[in-house]
Structure formats: C-alpha cells, structure tokens
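Note: the block below is start-v6.txt and it holds compact mmCIF, C-alpha atoms.
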```txt
# COMPACT_ATOMS: atom_id res chain seq x y z
CA MET J 591 -14.35 9.99 5.44
CA LYS J 592 -11.64 12.24 4.07
CA LEU J 593 -8.12 10.87 4.51
CA ASP J 594 -4.79 12.64 4.39
CA ILE J 595 -2.92 9.62 3.04
CA LEU J 596 -4.40 6.61 1.25
CA ALA J 597 -2.29 3.56 0.40
CA PHE J 598 -3.36 1.21 -2.38
CA ALA J 599 -2.10 -2.38 -2.42
CA SER J 600 -2.50 -5.07 -5.07
CA HIS J 601 -2.77 -7.70 -2.31
CA PRO J 602 -3.57 -7.68 1.40
CA ASP J 603 -0.15 -7.42 3.12
CA ASP J 604 1.55 -5.36 0.35
CA ALA J 605 1.02 -2.15 2.32
CA GLU J 606 2.25 -3.78 5.52
CA LEU J 607 5.50 -4.76 3.84
CA GLY J 608 6.00 -1.54 1.93
CA CYS J 609 4.56 1.54 3.60
CA VAL J 610 2.74 1.14 6.91
CA GLY J 611 5.66 2.59 8.84
CA THR J 612 5.07 5.79 6.89
CA LEU J 613 1.34 5.64 7.63
CA LEU J 614 2.10 5.21 11.33
CA ALA J 615 4.53 8.14 11.30
CA HIS J 616 1.85 10.42 9.89
CA LYS J 617 -0.87 8.97 12.10
CA ALA J 618 1.29 10.05 15.05
CA GLN J 619 1.15 13.60 13.63
CA GLY J 620 -2.64 13.58 13.70
CA LYS J 621 -3.17 12.67 10.04
CA LYS J 622 -5.93 10.33 8.89
CA VAL J 623 -4.63 7.31 6.98
CA GLY J 624 -6.13 4.29 5.27
CA VAL J 625 -5.53 1.32 2.99
CA VAL J 626 -7.44 0.06 -0.04
CA ASP J 627 -6.54 -3.47 -1.12
CA LEU J 628 -7.25 -4.13 -4.79
CA THR J 629 -7.67 -7.92 -4.56
CA ARG J 630 -8.37 -10.54 -1.91
CA GLY J 631 -5.16 -12.40 -2.73
CA GLU J 632 -7.20 -15.46 -3.67
CA LEU J 633 -4.43 -16.97 -5.80
CA GLY J 634 -2.08 -17.14 -2.83
CA THR J 635 -0.64 -20.60 -2.09
CA ARG J 636 -1.34 -20.37 1.63
CA GLY J 637 -4.51 -19.45 3.47
CA THR J 638 -7.89 -18.52 1.97
CA PRO J 639 -9.46 -15.22 0.91
CA GLU J 640 -11.64 -15.32 4.02
CA ILE J 641 -8.70 -15.86 6.34
CA ARG J 642 -6.70 -13.14 4.61
CA ALA J 643 -9.61 -10.74 5.02
CA GLN J 644 -9.57 -11.43 8.77
CA GLU J 645 -5.80 -10.97 8.85
CA ALA J 646 -6.15 -7.63 7.05
CA ALA J 647 -8.74 -6.56 9.62
CA ASP J 648 -6.44 -7.63 12.45
CA SER J 649 -3.60 -5.62 10.94
CA ALA J 650 -5.87 -2.59 10.53
CA ARG J 651 -6.64 -2.71 14.25
CA ILE J 652 -2.96 -2.98 15.13
CA LEU J 653 -2.20 0.03 12.93
CA ASP J 654 -5.31 1.94 14.07
CA LEU J 655 -6.16 2.73 10.46
CA ASP J 656 -8.96 5.20 9.88
CA ALA J 657 -10.24 3.11 6.97
CA ARG J 658 -9.53 -0.14 5.18
CA GLU J 659 -11.48 -1.77 2.39
CA ASN J 660 -11.04 -4.28 -0.42
CA LEU J 661 -12.18 -3.61 -3.98
CA GLY J 662 -12.45 -7.33 -4.80
CA LEU J 663 -10.63 -7.17 -8.14
CA ALA J 664 -9.51 -10.51 -9.59
CA ASP J 665 -6.14 -11.51 -8.18
CA GLY J 666 -3.73 -12.05 -11.07
CA PHE J 667 -6.25 -11.06 -13.72
CA PHE J 668 -7.25 -7.45 -13.03
CA ARG J 669 -6.33 -5.06 -15.82
CA ASN J 670 -5.54 -1.39 -16.27
CA ASP J 671 -8.69 -0.65 -18.24
CA GLU J 672 -11.75 1.59 -17.90
CA GLU J 673 -13.75 -0.88 -15.79
CA HIS J 674 -11.01 -1.24 -13.19
CA GLN J 675 -9.98 2.42 -13.30
CA ARG J 676 -13.52 3.47 -12.45
CA LYS J 677 -13.46 1.29 -9.32
CA VAL J 678 -10.23 2.90 -8.19
CA ILE J 679 -11.56 6.36 -9.07
CA GLN J 680 -14.57 5.71 -6.84
CA ALA J 681 -12.23 4.91 -3.94
CA VAL J 682 -10.08 8.00 -4.55
CA ARG J 683 -13.15 10.23 -4.68
CA LYS J 684 -14.62 8.55 -1.60
CA TYR J 685 -11.60 9.26 0.60
CA GLN J 686 -10.25 12.40 -1.14
CA PRO J 687 -6.64 11.83 -0.03
CA GLU J 688 -4.03 14.54 -0.35
CA ILE J 689 -1.35 11.89 -0.91
CA VAL J 690 -1.65 8.42 -2.44
CA LEU J 691 0.88 5.63 -1.92
CA MET J 692 0.88 2.66 -4.29
CA ASN J 693 2.74 -0.44 -5.33
CA ALA J 694 6.23 -0.45 -6.83
CA ILE J 695 6.46 0.60 -10.48
CA HIS J 696 7.84 -2.87 -11.30
CA ASP J 697 8.49 -5.89 -9.11
CA ARG J 698 8.84 -9.65 -8.87
CA HIS J 699 5.04 -10.14 -8.80
CA PRO J 700 3.36 -8.89 -12.02
CA ASP J 701 0.34 -7.64 -10.03
CA HIS J 702 2.50 -5.07 -8.26
CA GLY J 703 3.59 -3.15 -11.34
CA ARG J 704 0.17 -3.52 -12.97
CA GLY J 705 -1.57 -2.29 -9.83
CA SER J 706 0.85 0.61 -9.67
CA HIS J 707 0.01 1.75 -13.19
CA LEU J 708 -3.71 1.21 -12.64
CA VAL J 709 -3.81 3.38 -9.52
CA SER J 710 -1.52 6.04 -10.96
CA GLU J 711 -3.69 6.56 -14.03
CA ALA J 712 -6.90 6.40 -11.98
CA CYS J 713 -5.59 9.14 -9.69
CA PHE J 714 -5.22 11.41 -12.71
CA TYR J 715 -8.60 10.54 -14.23
CA SER J 716 -10.24 11.01 -10.83
CA GLY J 717 -9.63 14.74 -11.25
CA LEU J 718 -11.61 14.97 -14.49
CA ARG J 719 -15.12 16.20 -13.74
CA ARG J 720 -16.58 14.73 -16.93
CA ILE J 721 -15.85 11.22 -15.70
CA LYS J 722 -18.97 10.42 -13.69
CA THR J 723 -18.96 7.99 -10.76
CA GLN J 724 -21.38 7.24 -7.94
CA ASP J 725 -20.83 6.36 -4.29
CA GLU J 726 -22.38 3.43 -2.41
CA ASN J 727 -25.63 5.38 -2.01
CA GLY J 728 -25.93 6.20 -5.71
CA GLU J 729 -24.91 9.83 -5.20
CA GLU J 730 -22.67 11.44 -7.80
CA GLN J 731 -19.11 11.87 -6.57
CA GLN J 732 -17.07 15.02 -6.91
CA ALA J 733 -13.90 15.00 -8.99
CA TRP J 734 -10.75 14.73 -6.85
CA ARG J 735 -7.07 14.49 -7.69
CA PRO J 736 -4.41 13.84 -5.02
CA LYS J 737 -1.67 16.43 -4.71
CA ALA J 738 1.06 13.79 -4.84
CA VAL J 739 1.49 10.09 -5.56
CA TYR J 740 4.43 7.94 -4.50
CA HIS J 741 5.37 4.32 -5.16
CA TYR J 742 6.69 2.21 -2.30
CA ILE J 743 9.57 -0.19 -2.86
CA GLN J 744 8.81 -3.90 -2.54
CA ASP J 745 10.77 -7.06 -3.33
CA ARG J 746 13.07 -5.85 -6.10
CA PHE J 747 15.33 -3.00 -5.08
CA ILE J 748 14.61 0.34 -6.75
CA SER J 749 16.70 3.37 -5.89
CA PRO J 750 14.39 5.61 -3.83
CA ASP J 751 13.71 9.27 -4.48
CA LEU J 752 12.82 9.79 -0.83
CA VAL J 753 13.12 7.81 2.39
CA VAL J 754 10.87 8.17 5.43
CA ASP J 755 12.28 7.59 8.92
CA ILE J 756 10.11 4.87 10.49
CA THR J 757 12.42 4.00 13.40
CA PRO J 758 9.87 4.71 16.18
CA TYR J 759 7.27 2.57 14.41
CA TRP J 760 9.34 -0.45 13.36
CA GLU J 761 8.00 -2.82 16.02
CA LYS J 762 4.40 -1.90 15.22
CA LYS J 763 5.08 -2.48 11.50
CA VAL J 764 6.46 -5.95 12.27
CA GLU J 765 3.42 -6.70 14.43
CA ALA J 766 1.14 -5.75 11.54
CA ILE J 767 3.10 -7.97 9.14
CA ARG J 768 2.87 -10.89 11.55
CA ALA J 769 -0.90 -10.46 11.67
CA PHE J 770 -0.84 -12.27 8.31
CA LYS J 771 -0.07 -15.59 9.99
CA THR J 772 -0.87 -17.67 6.92
CA GLN J 773 1.59 -15.76 4.77
CA PHE J 774 4.64 -15.14 6.94
CA PHE J 775 6.63 -17.22 9.37
CA THR J 776 5.50 -17.21 12.98
CA GLN J 777 6.09 -19.83 15.64
CA ASP J 778 2.33 -20.30 16.14
CA SER J 779 1.35 -20.14 12.46
CA PRO J 780 -1.77 -22.24 11.80
CA ASN J 781 -0.43 -23.02 8.32
CA ASN J 782 3.01 -24.43 8.95
CA ASP J 783 1.79 -27.67 7.30
CA GLU J 784 0.95 -25.82 4.06
CA PRO J 785 3.42 -25.59 1.15
CA ALA J 786 6.39 -23.33 1.76
CA THR J 787 6.48 -20.16 -0.32
CA TYR J 788 8.94 -17.42 -1.18
CA ILE J 789 7.62 -15.23 1.65
CA SER J 790 6.85 -17.85 4.32
CA SER J 791 10.43 -18.51 5.46
CA PRO J 792 12.11 -16.83 8.45
CA GLU J 793 14.72 -15.50 6.00
CA PHE J 794 12.14 -13.37 4.21
CA LEU J 795 11.32 -11.37 7.33
CA ARG J 796 15.04 -10.90 7.94
CA PHE J 797 15.28 -9.57 4.40
CA ILE J 798 12.49 -7.06 5.11
CA GLU J 799 14.39 -5.83 8.15
CA ALA J 800 17.66 -5.67 6.21
CA ARG J 801 16.01 -3.52 3.54
CA ALA J 802 14.60 -1.18 6.19
CA LEU J 803 18.00 -0.98 7.90
CA GLU J 804 19.70 -0.18 4.60
CA LEU J 805 17.25 2.61 3.79
CA GLY J 806 17.40 3.96 7.33
CA HIS J 807 21.20 3.96 7.24
CA ALA J 808 21.08 5.99 4.03
CA ILE J 809 19.39 8.90 5.84
CA GLY J 810 21.15 8.58 9.17
CA THR J 811 18.42 6.74 11.09
CA THR J 812 17.84 3.10 11.99
CA TYR J 813 14.84 2.08 9.88
CA GLY J 814 13.42 3.62 6.72
CA GLU J 815 10.85 3.06 3.97
CA GLY J 816 11.70 4.17 0.45
CA PHE J 817 9.51 5.66 -2.26
CA THR J 818 9.85 6.73 -5.87
CA ARG J 819 8.10 9.76 -7.28
CA GLU J 820 6.41 10.62 -10.58
CA ARG J 821 7.34 14.30 -10.61
CA PHE J 822 9.86 16.54 -8.90
CA ILE J 823 9.48 16.91 -5.15
CA GLY J 824 9.11 20.54 -4.07
CA VAL J 825 9.55 22.05 -0.63
CA LYS J 826 8.94 25.50 0.79
CA ASN J 827 11.44 25.09 3.60
CA LEU J 828 14.82 23.37 3.36
CA PHE J 829 14.52 22.48 7.04
CA ASP J 830 11.71 20.09 6.09
CA LEU J 831 14.49 17.87 4.73
CA ILE J 832 16.60 15.79 7.10
```
Could I get this file's structure written as structure tokens?
Amino acid sequence: MKLDILAFASHPDDAELGCVGTLLAHKAQGKKVGVVDLTRGELGTRGTPEIRAQEAADSARILDLDARENLGLADGFFRNDEEHQRKVIQAVRKYQPEIVLMNAIHDRHPDHGRGSHLVSEACFYSGLRRIKTQDENGEEQQAWRPKAVYHYIQDRFISPDLVVDITPYWEKKVEAIRAFKTQFFTQDSPNNDEPATYISSPEFLRFIEARALELGHAIGTTYGEGFTRERFIGVKNLFDLI
C-alpha cells in the first residue's frame, strides 16, 4: 500500500504524542497515512510488549490509520547500522511515502534521537538502487526516496521550523494517547498499582496539552504540532502559508 505520509516512532505511543494530529489533518484531506513503530517498547516500566501491541492497535483504529506495523527492533539497544537501516529501508520502500515524519533529533530518551538518525539516513539510502532489499514475499523492492522528512518535537522543547494546525483533531489525538492505558494516566487504568513513571502522572498529559497550546498560539490557532526540517522548505504559493 502506497502512503502519502509515513510516521516512524522509536516506541509505540511516540507518534501519538508527537504527530498524530498532523496525520489526522491530512487524513481529512483524503491522504493515506500510517505509522511504523521501531520497537515494542519492551523496556518500559509499565505494561508488557503484548499489551502495548494491543494498545497500538486500538490507537490505530481510533485514528483510522491506513497502515501500522512494528519492526521489532530491540528497545534501548537498536543501532544506526547497516542491519537496522535495511529494515527501515524495507519499510520505506514498502509504503513509498511522499513525506516521512520521525522522532525528535535529540530528546530526553536516547532512543528518540537515535531512532531519528536511523530513519533519516535510511530514507536517503532507500533511494539508492544498488542497495537491494526484498519484500515479505521475497520480491525485489524498488528504490524509493521520500520528497521530504520532518522531525516531530517530543519531550525537550526544540524551536520548530513549521507548525501544523491540529485544532479540529485535538480530541481525537487525546483519545489515541489514552488508548495506551498502561502508559498514561486514566481513571480506569488497569495498571494504577504499577510503579509510577515520568509519563504516567496526570501532570504529564497537561504538559502535552500546554505544549500544543503554545505551538498553536504561535501560529494563531488553538492547538499545534511542531516539526523541524533537514533542508529549506519551499513553496510554490505564498497562500499555502498561514
């Protein structure tokens, strides 16, 4: 399935926190969107990989994603090397996205920055025809390079190069975040007896909203998601900018 926008995430729930409002905004325009999680988040303090996989599936249904899959890389121990790049290249060539969204260039969690660099380099190498990869059926894949890649902003604030208005989709984004009941605070969380973590408090979700309000305010809307770019952003029409 060819996608218009593909978001990569080091862990299940990274995309929900960082960029699903943007995916929803483009889904509403008729674009096909999807998420590829790099790891199962098996090092997480709360929940299990199996539960998190179900939560990711629940979120995908809420968001009406056109595709979601998990590459099964080792949480905390994946590397930006040829073995891991080839797995990401296979995913890029499988979905042939025009735009790729990925983790923040640096962040509180080391996996975020490392995943960002891994996906960024893989997107470039995916366009080289002499790098050979095969799909699930053993068929050779065609080279494919996205037209643009952007990094979403996560825990640590990074000044954005662009902000997307997600105001109409804020409630749906929150619903998708809350699908990860083991990770984030909900009144009916099945894991309230598990150890508290940095992201499991009610304050963390208020922080997520405060960040979205700040970014939305910066562009004259209510809620926004910010991104950084790797190269200059070009437009053909100044009226495409708000």
Original post:
So which residues touch Ser749 of chain J within 10 Å, counting all atoms listed in the file, skipping near sequence neighbours fewer than 3 positions away, as a PyMOL selection string?
Top reply: chain J and resi 743+746+752+805+816-818
How would the residues just picked look written out with C-alpha atoms as a short mmCIF file (atom, residue, chain, number, x, y, z; two decimals), in the coordinates of the input?
```cif
data_model
loop_
_atom_site.label_atom_id
_atom_site.label_comp_id
_atom_site.auth_asym_id
_atom_site.auth_seq_id
_atom_site.Cartn_x
_atom_site.Cartn_y
_atom_site.Cartn_z
CA ILE J 743 9.57 -0.19 -2.86
CA ARG J 746 13.07 -5.85 -6.10
CA LEU J 752 12.82 9.79 -0.83
CA LEU J 805 17.25 2.61 3.79
CA GLY J 816 11.70 4.17 0.45
CA PHE J 817 9.51 5.66 -2.26
CA THR J 818 9.85 6.73 -5.87
#
```
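Closest approach to Gln773 of chain J among J:Ile679, J:Val754, J:Ile641, J:Ala605: J:Ile641, based on all atoms listed in the file.
Counting from atom CA of Gly666 of chain J, the distance to atom CA of Thr629 of chain J is 8.7 Å.
Considering the residues J:Asn660, J:Ser710, J:Gln686, J:Thr776 and counting all atoms listed in the file, Val764 of chain J has its shortest atom-to-atom contact with J:Thr776.
Closest approach to Ser716 of chain J among J:Phe598, J:Tyr788, J:Phe770, J:Tyr685 is made by J:Tyr685 (distances from only C-alpha atoms).
Closest approach to Pro758 of chain J among J:Leu708, J:Ile652, J:Leu614, J:Cys713 is made by J:Leu614 (distances from all atoms listed in the file).
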**OP:** May I ask which of the residues J:Phe747, J:Tyr715, J:Phe774, J:Phe668 is the closest one to Ala802 of chain J, counting only C-alpha atoms?
**Re:** J:Phe747
**OP:** Would you kindly return, as JSON, numbers by chain, each protein, DNA or RNA residue with an atom no farther than 6 Å from any atom of Tyr742 of chain J, considering all atoms listed in the file and excluding same-chain residues fewer than 3 positions away?
**Re:** {"J": [608, 693, 694, 817]}
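Near (19.8, 6.3, 10.7), the residues inside the 12 Å limit, counting all atoms listed in the file, come to J:Val753, J:Val754, J:Asp755, J:Ile756, J:Thr757, J:Pro758, J:Ala802, J:Leu803, J:Glu804, J:Leu805, J:Gly806, J:His807, J:Ala808, J:Ile809, J:Gly810, J:Thr811, J:Thr812, J:Tyr813, J:Gly814, J:Glu815, J:Ile832.
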Original post:
For the point (-10.8, 5.5, -2.8) in file coordinates, what residues are within 12 Å, counting only C-alpha atoms? Give the answer as a VMD selection string?
Top reply: chain J and resid 591 to 599 623 to 628 657 to 661 675 to 691 709 712 to 713 716 723 to 726 731 733 to 736
Determine, counting all atoms listed in the file, which protein, DNA and RNA residues have an atom within 12 Å of an atom of Ser649 of chain J; residues of the same chain fewer than 4 positions away are not included. Present the result as a compact mmCIF listing (two decimals) with C-alpha atoms, in the coordinates of the input.
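Now in around.txt:
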```
# COMPACT_ATOMS: atom_id res chain seq x y z
CA PRO J 602 -3.57 -7.68 1.40
CA ASP J 603 -0.15 -7.42 3.12
CA ASP J 604 1.55 -5.36 0.35
CA ALA J 605 1.02 -2.15 2.32
CA GLU J 606 2.25 -3.78 5.52
CA LEU J 607 5.50 -4.76 3.84
CA VAL J 610 2.74 1.14 6.91
CA GLY J 624 -6.13 4.29 5.27
CA VAL J 625 -5.53 1.32 2.99
CA ARG J 642 -6.70 -13.14 4.61
CA ALA J 643 -9.61 -10.74 5.02
CA GLN J 644 -9.57 -11.43 8.77
CA GLU J 645 -5.80 -10.97 8.85
CA LEU J 653 -2.20 0.03 12.93
CA ASP J 654 -5.31 1.94 14.07
CA LEU J 655 -6.16 2.73 10.46
CA ALA J 657 -10.24 3.11 6.97
CA ARG J 658 -9.53 -0.14 5.18
CA LYS J 762 4.40 -1.90 15.22
CA LYS J 763 5.08 -2.48 11.50
CA VAL J 764 6.46 -5.95 12.27
CA GLU J 765 3.42 -6.70 14.43
CA ALA J 766 1.14 -5.75 11.54
CA ILE J 767 3.10 -7.97 9.14
CA ARG J 768 2.87 -10.89 11.55
CA ALA J 769 -0.90 -10.46 11.67
CA PHE J 770 -0.84 -12.27 8.31
CA LYS J 771 -0.07 -15.59 9.99
```
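Atom to atom, atom CA of Ala786 of chain J and atom CA of Gly631 of chain J stand 16.5 Å apart.
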Some atoms are absent from segment 742-760 of chain J, so rebuild N, CA, C and O atoms and return them as a short mmCIF file (atom, residue, chain, number, x, y, z; two decimals), keeping the file's coordinate frame.
```cif
data_model
loop_
_atom_site.label_atom_id
_atom_site.label_comp_id
_atom_site.auth_asym_id
_atom_site.auth_seq_id
_atom_site.Cartn_x
_atom_site.Cartn_y
_atom_site.Cartn_z
N TYR J 742 5.80 2.83 -3.28
CA TYR J 742 6.69 2.21 -2.30
C TYR J 742 7.51 1.11 -2.96
O TYR J 742 7.18 0.60 -4.03
N ILE J 743 8.63 0.79 -2.33
CA ILE J 743 9.57 -0.19 -2.86
C ILE J 743 9.26 -1.54 -2.22
O ILE J 743 9.09 -1.63 -1.00
N GLN J 744 9.21 -2.59 -3.04
CA GLN J 744 8.81 -3.90 -2.54
C GLN J 744 9.95 -4.90 -2.64
O GLN J 744 11.02 -4.67 -2.09
N ASP J 745 9.76 -6.00 -3.34
CA ASP J 745 10.77 -7.06 -3.33
C ASP J 745 12.04 -6.66 -4.07
O ASP J 745 13.14 -6.75 -3.54
N ARG J 746 11.91 -6.23 -5.30
CA ARG J 746 13.07 -5.85 -6.10
C ARG J 746 13.52 -4.45 -5.69
O ARG J 746 12.72 -3.54 -5.56
N PHE J 747 14.84 -4.29 -5.53
CA PHE J 747 15.33 -3.00 -5.08
C PHE J 747 15.22 -1.97 -6.21
O PHE J 747 15.62 -2.21 -7.35
N ILE J 748 14.67 -0.82 -5.87
CA ILE J 748 14.61 0.34 -6.75
C ILE J 748 15.19 1.50 -5.97
O ILE J 748 14.85 1.71 -4.81
N SER J 749 16.08 2.24 -6.58
CA SER J 749 16.70 3.37 -5.89
C SER J 749 15.63 4.40 -5.52
O SER J 749 14.92 4.90 -6.40
N PRO J 750 15.47 4.71 -4.24
CA PRO J 750 14.39 5.61 -3.83
C PRO J 750 14.67 7.07 -4.14
O PRO J 750 15.83 7.49 -4.17
N ASP J 751 13.60 7.82 -4.34
CA ASP J 751 13.71 9.27 -4.48
C ASP J 751 13.54 9.96 -3.14
O ASP J 751 13.93 11.10 -2.97
N LEU J 752 12.93 9.27 -2.19
CA LEU J 752 12.82 9.79 -0.83
C LEU J 752 12.72 8.62 0.14
O LEU J 752 12.24 7.54 -0.23
N VAL J 753 13.17 8.83 1.35
CA VAL J 753 13.12 7.81 2.39
C VAL J 753 12.50 8.42 3.64
O VAL J 753 12.88 9.52 4.05
N VAL J 754 11.55 7.72 4.22
CA VAL J 754 10.87 8.17 5.43
C VAL J 754 11.45 7.44 6.63
O VAL J 754 11.58 6.20 6.62
N ASP J 755 11.79 8.18 7.67
CA ASP J 755 12.28 7.59 8.92
C ASP J 755 11.11 6.92 9.65
O ASP J 755 10.16 7.58 10.05
N ILE J 756 11.18 5.60 9.80
CA ILE J 756 10.11 4.87 10.49
C ILE J 756 10.63 4.22 11.77
O ILE J 756 9.97 3.32 12.32
N THR J 757 11.78 4.65 12.24
CA THR J 757 12.42 4.00 13.40
C THR J 757 11.48 3.84 14.60
O THR J 757 11.40 2.74 15.18
N PRO J 758 10.73 4.89 15.00
CA PRO J 758 9.87 4.71 16.18
C PRO J 758 8.72 3.73 15.97
O PRO J 758 8.07 3.32 16.94
N TYR J 759 8.46 3.37 14.72
CA TYR J 759 7.27 2.57 14.41
C TYR J 759 7.62 1.19 13.87
O TYR J 759 6.74 0.46 13.41
N TRP J 760 8.90 0.83 13.93
CA TRP J 760 9.34 -0.45 13.36
C TRP J 760 8.64 -1.63 14.02
O TRP J 760 8.14 -2.54 13.33
#
```
